[in-house]
file final.txt (compact mmCIF, N, CA and C atoms)
# COMPACT_ATOMS: atom_id res chain seq x y z
N MET A 3 -14.39 -20.39 -65.25
CA MET A 3 -14.85 -20.67 -66.60
C MET A 3 -14.61 -19.44 -67.47
N SER A 4 -13.91 -19.61 -68.59
CA SER A 4 -13.63 -18.49 -69.46
C SER A 4 -14.80 -18.24 -70.42
N GLU A 5 -14.86 -17.01 -70.89
CA GLU A 5 -15.94 -16.65 -71.82
C GLU A 5 -15.62 -17.19 -73.21
N GLU A 6 -16.65 -17.58 -73.92
CA GLU A 6 -16.53 -18.13 -75.26
C GLU A 6 -16.14 -17.03 -76.26
N THR A 7 -15.26 -17.35 -77.20
CA THR A 7 -14.91 -16.42 -78.27
C THR A 7 -16.04 -16.41 -79.29
N LEU A 8 -16.50 -15.21 -79.65
CA LEU A 8 -17.59 -15.04 -80.61
C LEU A 8 -17.11 -14.18 -81.78
N ILE A 9 -17.50 -14.55 -82.99
CA ILE A 9 -17.17 -13.76 -84.17
C ILE A 9 -18.47 -13.34 -84.84
N GLU A 10 -18.64 -12.02 -84.98
CA GLU A 10 -19.83 -11.46 -85.62
C GLU A 10 -19.43 -10.85 -86.96
N VAL A 11 -20.08 -11.26 -88.04
CA VAL A 11 -19.83 -10.69 -89.35
C VAL A 11 -20.77 -9.50 -89.51
N ARG A 12 -20.20 -8.31 -89.56
CA ARG A 12 -21.02 -7.11 -89.72
C ARG A 12 -21.31 -6.87 -91.19
N LYS A 13 -22.56 -6.59 -91.52
CA LYS A 13 -22.97 -6.31 -92.89
C LYS A 13 -22.14 -5.15 -93.44
N ASP A 14 -21.47 -5.38 -94.55
CA ASP A 14 -20.64 -4.35 -95.20
C ASP A 14 -19.59 -3.77 -94.26
N GLY A 15 -19.12 -4.59 -93.33
CA GLY A 15 -18.14 -4.10 -92.37
C GLY A 15 -17.18 -5.18 -91.90
N PRO A 16 -16.58 -4.95 -90.75
CA PRO A 16 -15.54 -5.85 -90.26
C PRO A 16 -16.07 -7.12 -89.60
N LEU A 17 -15.14 -7.97 -89.24
CA LEU A 17 -15.43 -9.09 -88.35
C LEU A 17 -15.21 -8.57 -86.95
N VAL A 18 -16.21 -8.64 -86.10
CA VAL A 18 -16.06 -8.21 -84.72
C VAL A 18 -15.89 -9.46 -83.87
N VAL A 19 -14.73 -9.53 -83.22
CA VAL A 19 -14.37 -10.70 -82.43
C VAL A 19 -14.43 -10.30 -80.96
N LYS A 20 -15.19 -11.08 -80.18
CA LYS A 20 -15.33 -10.81 -78.75
C LYS A 20 -14.66 -11.94 -77.96
N ASN A 21 -13.96 -11.56 -76.91
CA ASN A 21 -13.28 -12.50 -76.01
C ASN A 21 -12.19 -13.29 -76.72
N LEU A 22 -11.47 -12.65 -77.62
CA LEU A 22 -10.35 -13.29 -78.32
C LEU A 22 -9.18 -13.41 -77.35
N LYS A 23 -8.67 -14.60 -77.21
CA LYS A 23 -7.58 -14.83 -76.27
C LYS A 23 -6.21 -14.60 -76.92
N THR A 24 -6.03 -15.06 -78.16
CA THR A 24 -4.74 -14.92 -78.83
C THR A 24 -4.95 -14.56 -80.28
N LEU A 25 -4.24 -13.54 -80.75
CA LEU A 25 -4.22 -13.18 -82.15
C LEU A 25 -2.75 -13.09 -82.55
N ILE A 26 -2.32 -13.95 -83.45
CA ILE A 26 -0.94 -13.94 -83.90
C ILE A 26 -0.87 -13.15 -85.20
N LEU A 27 -0.07 -12.10 -85.20
CA LEU A 27 0.07 -11.21 -86.34
C LEU A 27 1.00 -11.83 -87.39
N PRO A 28 0.99 -11.30 -88.63
CA PRO A 28 1.81 -11.87 -89.69
C PRO A 28 3.31 -11.98 -89.36
N ASP A 29 3.81 -11.08 -88.51
CA ASP A 29 5.23 -11.14 -88.15
C ASP A 29 5.52 -12.13 -87.02
N GLY A 30 4.47 -12.83 -86.56
CA GLY A 30 4.62 -13.85 -85.52
C GLY A 30 4.42 -13.37 -84.10
N THR A 31 4.26 -12.06 -83.91
CA THR A 31 4.03 -11.54 -82.57
C THR A 31 2.57 -11.72 -82.19
N GLU A 32 2.32 -11.74 -80.89
CA GLU A 32 0.95 -11.83 -80.39
C GLU A 32 0.42 -10.44 -80.11
N ALA A 33 -0.80 -10.17 -80.56
CA ALA A 33 -1.44 -8.89 -80.31
C ALA A 33 -1.93 -8.85 -78.86
N GLU A 34 -2.10 -7.65 -78.35
CA GLU A 34 -2.62 -7.46 -77.00
C GLU A 34 -4.03 -8.03 -76.90
N GLU A 35 -4.31 -8.74 -75.83
CA GLU A 35 -5.65 -9.32 -75.61
C GLU A 35 -6.64 -8.20 -75.32
N LYS A 36 -7.78 -8.23 -76.01
CA LYS A 36 -8.84 -7.22 -75.83
C LYS A 36 -10.17 -7.93 -75.72
N SER A 37 -11.14 -7.28 -75.09
CA SER A 37 -12.47 -7.88 -74.96
C SER A 37 -13.21 -7.85 -76.29
N MET A 38 -12.86 -6.89 -77.18
CA MET A 38 -13.49 -6.80 -78.49
C MET A 38 -12.47 -6.27 -79.51
N THR A 39 -12.42 -6.90 -80.69
CA THR A 39 -11.49 -6.51 -81.74
C THR A 39 -12.24 -6.50 -83.07
N ALA A 40 -12.05 -5.47 -83.88
CA ALA A 40 -12.65 -5.40 -85.21
C ALA A 40 -11.56 -5.70 -86.23
N LEU A 41 -11.75 -6.77 -86.99
CA LEU A 41 -10.77 -7.18 -87.99
C LEU A 41 -11.25 -6.82 -89.39
N CYS A 42 -10.33 -6.31 -90.21
CA CYS A 42 -10.63 -5.89 -91.57
C CYS A 42 -11.04 -7.09 -92.43
N ARG A 43 -12.08 -6.89 -93.22
CA ARG A 43 -12.55 -7.89 -94.18
C ARG A 43 -12.38 -7.41 -95.61
N CYS A 44 -12.25 -6.09 -95.80
CA CYS A 44 -12.25 -5.53 -97.15
C CYS A 44 -10.86 -5.45 -97.77
N GLY A 45 -9.83 -5.47 -96.96
CA GLY A 45 -8.46 -5.36 -97.46
C GLY A 45 -7.99 -3.93 -97.66
N LEU A 46 -8.81 -2.95 -97.31
CA LEU A 46 -8.48 -1.55 -97.54
C LEU A 46 -7.87 -0.84 -96.33
N SER A 47 -7.91 -1.45 -95.17
CA SER A 47 -7.43 -0.82 -93.95
C SER A 47 -5.94 -0.53 -94.01
N ALA A 48 -5.55 0.63 -93.52
CA ALA A 48 -4.13 0.98 -93.41
C ALA A 48 -3.54 0.40 -92.13
N ASN A 49 -4.37 -0.23 -91.32
CA ASN A 49 -3.96 -0.76 -90.02
C ASN A 49 -4.26 -2.26 -89.92
N LYS A 50 -4.07 -3.00 -91.03
CA LYS A 50 -4.38 -4.43 -91.04
C LYS A 50 -3.60 -5.15 -89.95
N PRO A 51 -4.17 -6.11 -89.30
CA PRO A 51 -5.42 -6.80 -89.60
C PRO A 51 -6.64 -6.11 -89.02
N TYR A 52 -6.45 -4.95 -88.40
CA TYR A 52 -7.56 -4.27 -87.75
C TYR A 52 -8.32 -3.37 -88.72
N CYS A 53 -9.60 -3.21 -88.48
CA CYS A 53 -10.45 -2.34 -89.28
C CYS A 53 -10.20 -0.89 -88.88
N ASP A 54 -10.05 -0.02 -89.87
CA ASP A 54 -9.92 1.41 -89.60
C ASP A 54 -11.07 2.22 -90.21
N GLY A 55 -12.09 1.52 -90.70
CA GLY A 55 -13.26 2.19 -91.27
C GLY A 55 -13.13 2.53 -92.75
N SER A 56 -12.03 2.13 -93.39
CA SER A 56 -11.82 2.45 -94.80
C SER A 56 -12.93 1.90 -95.70
N HIS A 57 -13.56 0.81 -95.29
CA HIS A 57 -14.64 0.23 -96.10
C HIS A 57 -15.76 1.22 -96.34
N LYS A 58 -16.02 2.08 -95.37
CA LYS A 58 -17.10 3.06 -95.50
C LYS A 58 -16.77 4.10 -96.56
N SER A 59 -15.58 4.69 -96.47
CA SER A 59 -15.22 5.76 -97.40
C SER A 59 -14.97 5.24 -98.82
N GLN A 60 -14.65 3.96 -98.96
CA GLN A 60 -14.38 3.37 -100.27
C GLN A 60 -15.61 2.69 -100.88
N GLY A 61 -16.70 2.64 -100.11
CA GLY A 61 -17.95 2.06 -100.63
C GLY A 61 -17.92 0.56 -100.75
N TRP A 62 -17.06 -0.12 -99.98
CA TRP A 62 -16.96 -1.58 -100.03
C TRP A 62 -18.22 -2.22 -99.49
N THR A 63 -18.67 -3.28 -100.14
CA THR A 63 -19.80 -4.08 -99.64
C THR A 63 -19.42 -5.54 -99.68
N ASP A 64 -20.14 -6.34 -98.93
CA ASP A 64 -19.85 -7.78 -98.89
C ASP A 64 -20.74 -8.56 -99.85
N ASP A 65 -21.38 -7.87 -100.77
CA ASP A 65 -22.23 -8.57 -101.75
C ASP A 65 -21.42 -9.23 -102.83

call {"tool": "encode", "arguments": {"input": "final.txt", "output": "structure tokens"}}
result
Amino acid sequence: MSEETLIEVRKDGPLVVKNLKTLILPDGTEAEEKSMTALCRCGLSANKPYCDGSHKSQGWTDD
């Protein structure tokens, strides 16, 4: 039995995805499978689709 994929919306932060099996990137390639992945929600990351913490230094909030 495989583990369920869970998505947690962090307050003023990224989407934290646990047990993600497949992530297809904009160029069509599949990202490496990881037990936990933080995805950018603010659009400021230099490493999209992944969060690099730019939301903190830029003062981004989800309000």

call {"tool": "residues_around", "arguments": {"input": "final.txt", "residues": "stretch 58-61 of chain A", "least_positions_apart": "6", "cutoff": "12 Å", "atoms": "only C-alpha atoms", "output": "JSON, numbers by chain"}}
result
{"A": [13, 14, 15, 16, 42, 43, 44, 45, 46, 47]}

call {"tool": "atom_distance", "arguments": {"input": "final.txt", "atom1": "atom C of A:Lys36", "atom2": "atom N of A:Asn21"}}
result
5.4 Å

call {"tool": "closest_residue", "arguments": {"input": "final.txt", "among": "A:Trp62, A:Pro51, A:His57, A:Glu5", "to": "A:Pro28", "atoms": "only N, CA and C atoms"}}
result
A:Pro51

call {"tool": "atom_distance", "arguments": {"input": "final.txt", "atom1": "atom C of A:Lys20", "atom2": "atom CA of A:Leu41"}}
result
11.8 Å

call {"tool": "select_by_dssp", "arguments": {"input": "final.txt", "residues": "stretch 4-33 of chain A", "states": "strand (DSSP E)", "output": "number ranges by chain"}}
result
A: 8-11, 17-22

call {"tool": "residues_around", "arguments": {"input": "final.txt", "residues": "A:Thr7", "least_positions_apart": "6", "cutoff": "10 Å", "atoms": "only C-alpha atoms", "output": "PyMOL selection string"}}
result
chain A and resi 19-23+37-38

call {"tool": "write_last_selection", "arguments": {"input": "final.txt", "atoms": "N, CA and C atoms", "output": "PDB file, in the frame of the given file"}}
result
ATOM      1  N   VAL A  19     -14.730  -9.530 -83.220  1.00  0.00           N
ATOM      2  CA  VAL A  19     -14.370 -10.700 -82.430  1.00  0.00           C
ATOM      3  C   VAL A  19     -14.430 -10.300 -80.960  1.00  0.00           C
ATOM      4  N   LYS A  20     -15.190 -11.080 -80.180  1.00  0.00           N
ATOM      5  CA  LYS A  20     -15.330 -10.810 -78.750  1.00  0.00           C
ATOM      6  C   LYS A  20     -14.660 -11.940 -77.960  1.00  0.00           C
ATOM      7  N   ASN A  21     -13.960 -11.560 -76.910  1.00  0.00           N
ATOM      8  CA  ASN A  21     -13.280 -12.500 -76.010  1.00  0.00           C
ATOM      9  C   ASN A  21     -12.190 -13.290 -76.720  1.00  0.00           C
ATOM     10  N   LEU A  22     -11.470 -12.650 -77.620  1.00  0.00           N
ATOM     11  CA  LEU A  22     -10.350 -13.290 -78.320  1.00  0.00           C
ATOM     12  C   LEU A  22      -9.180 -13.410 -77.350  1.00  0.00           C
ATOM     13  N   LYS A  23      -8.670 -14.600 -77.210  1.00  0.00           N
ATOM     14  CA  LYS A  23      -7.580 -14.830 -76.270  1.00  0.00           C
ATOM     15  C   LYS A  23      -6.210 -14.600 -76.920  1.00  0.00           C
ATOM     16  N   SER A  37     -11.140  -7.280 -75.090  1.00  0.00           N
ATOM     17  CA  SER A  37     -12.470  -7.880 -74.960  1.00  0.00           C
ATOM     18  C   SER A  37     -13.210  -7.850 -76.290  1.00  0.00           C
ATOM     19  N   MET A  38     -12.860  -6.890 -77.180  1.00  0.00           N
ATOM     20  CA  MET A  38     -13.490  -6.800 -78.490  1.00  0.00           C
ATOM     21  C   MET A  38     -12.470  -6.270 -79.510  1.00  0.00           C
TER      22      MET A  38
END

call {"tool": "atom_distance", "arguments": {"input": "final.txt", "atom1": "atom C of A:Val11", "atom2": "atom N of A:Leu25"}}
result
19.1 Å

call {"tool": "select_by_dssp", "arguments": {"input": "final.txt", "residues": "chain A", "states": "alpha helix (DSSP H)", "output": "PyMOL selection string"}}
result
chain A and resi 56-60

call {"tool": "residues_around", "arguments": {"input": "final.txt", "residues": "A:Thr24", "least_positions_apart": "4", "cutoff": "7 Å", "atoms": "all atoms listed in the file", "output": "number ranges by chain"}}
result
A: 32-33, 35

call {"tool": "decode", "arguments": {"input": "final.txt", "residues": "stretch 25-39 of chain A", "atoms": "N, CA, C and O atoms", "output": "PDB file, in the first residue's frame"}}
result
ATOM      1  N   LEU A  25       6.120  14.700 -10.488  1.00  0.00           N
ATOM      2  CA  LEU A  25       6.010  16.131 -10.715  1.00  0.00           C
ATOM      3  C   LEU A  25       6.570  16.390 -12.108  1.00  0.00           C
ATOM      4  O   LEU A  25       7.743  16.129 -12.364  1.00  0.00           O
ATOM      5  N   ILE A  26       5.725  16.857 -13.005  1.00  0.00           N
ATOM      6  CA  ILE A  26       6.163  17.146 -14.360  1.00  0.00           C
ATOM      7  C   ILE A  26       6.472  18.630 -14.456  1.00  0.00           C
ATOM      8  O   ILE A  26       5.615  19.475 -14.196  1.00  0.00           O
ATOM      9  N   LEU A  27       7.702  18.942 -14.823  1.00  0.00           N
ATOM     10  CA  LEU A  27       8.171  20.321 -14.908  1.00  0.00           C
ATOM     11  C   LEU A  27       7.699  20.965 -16.215  1.00  0.00           C
ATOM     12  O   LEU A  27       7.260  20.269 -17.135  1.00  0.00           O
ATOM     13  N   PRO A  28       7.775  22.310 -16.315  1.00  0.00           N
ATOM     14  CA  PRO A  28       7.293  22.999 -17.507  1.00  0.00           C
ATOM     15  C   PRO A  28       7.910  22.509 -18.823  1.00  0.00           C
ATOM     16  O   PRO A  28       7.267  22.561 -19.862  1.00  0.00           O
ATOM     17  N   ASP A  29       9.144  22.009 -18.769  1.00  0.00           N
ATOM     18  CA  ASP A  29       9.784  21.520 -19.998  1.00  0.00           C
ATOM     19  C   ASP A  29       9.399  20.080 -20.331  1.00  0.00           C
ATOM     20  O   ASP A  29       9.892  19.493 -21.288  1.00  0.00           O
ATOM     21  N   GLY A  30       8.510  19.488 -19.511  1.00  0.00           N
ATOM     22  CA  GLY A  30       8.019  18.135 -19.763  1.00  0.00           C
ATOM     23  C   GLY A  30       8.785  17.027 -19.072  1.00  0.00           C
ATOM     24  O   GLY A  30       8.363  15.878 -19.093  1.00  0.00           O
ATOM     25  N   THR A  31       9.901  17.359 -18.435  1.00  0.00           N
ATOM     26  CA  THR A  31      10.667  16.340 -17.724  1.00  0.00           C
ATOM     27  C   THR A  31      10.032  16.061 -16.370  1.00  0.00           C
ATOM     28  O   THR A  31       9.315  16.896 -15.819  1.00  0.00           O
ATOM     29  N   GLU A  32      10.311  14.874 -15.849  1.00  0.00           N
ATOM     30  CA  GLU A  32       9.821  14.512 -14.521  1.00  0.00           C
ATOM     31  C   GLU A  32      10.893  14.831 -13.492  1.00  0.00           C
ATOM     32  O   GLU A  32      12.060  14.507 -13.689  1.00  0.00           O
ATOM     33  N   ALA A  33      10.482  15.462 -12.396  1.00  0.00           N
ATOM     34  CA  ALA A  33      11.403  15.770 -11.302  1.00  0.00           C
ATOM     35  C   ALA A  33      11.681  14.498 -10.511  1.00  0.00           C
ATOM     36  O   ALA A  33      10.885  13.553 -10.526  1.00  0.00           O
ATOM     37  N   GLU A  34      12.794  14.487  -9.819  1.00  0.00           N
ATOM     38  CA  GLU A  34      13.160  13.365  -8.961  1.00  0.00           C
ATOM     39  C   GLU A  34      12.124  13.198  -7.856  1.00  0.00           C
ATOM     40  O   GLU A  34      11.685  14.185  -7.254  1.00  0.00           O
ATOM     41  N   GLU A  35      11.731  11.969  -7.592  1.00  0.00           N
ATOM     42  CA  GLU A  35      10.754  11.683  -6.534  1.00  0.00           C
ATOM     43  C   GLU A  35      11.398  11.930  -5.172  1.00  0.00           C
ATOM     44  O   GLU A  35      12.508  11.490  -4.908  1.00  0.00           O
ATOM     45  N   LYS A  36      10.694  12.666  -4.308  1.00  0.00           N
ATOM     46  CA  LYS A  36      11.180  12.977  -2.962  1.00  0.00           C
ATOM     47  C   LYS A  36      10.061  12.737  -1.969  1.00  0.00           C
ATOM     48  O   LYS A  36       8.884  12.818  -2.313  1.00  0.00           O
ATOM     49  N   SER A  37      10.417  12.492  -0.720  1.00  0.00           N
ATOM     50  CA  SER A  37       9.397  12.276   0.307  1.00  0.00           C
ATOM     51  C   SER A  37       8.709  13.587   0.682  1.00  0.00           C
ATOM     52  O   SER A  37       7.571  13.590   1.121  1.00  0.00           O
ATOM     53  N   MET A  38       9.413  14.733   0.485  1.00  0.00           N
ATOM     54  CA  MET A  38       8.824  16.036   0.780  1.00  0.00           C
ATOM     55  C   MET A  38       9.385  17.069  -0.197  1.00  0.00           C
ATOM     56  O   MET A  38      10.592  17.091  -0.455  1.00  0.00           O
ATOM     57  N   THR A  39       8.507  17.919  -0.738  1.00  0.00           N
ATOM     58  CA  THR A  39       8.902  18.946  -1.696  1.00  0.00           C
ATOM     59  C   THR A  39       8.190  20.248  -1.327  1.00  0.00           C
ATOM     60  O   THR A  39       6.999  20.242  -1.048  1.00  0.00           O
TER      61      THR A  39
END
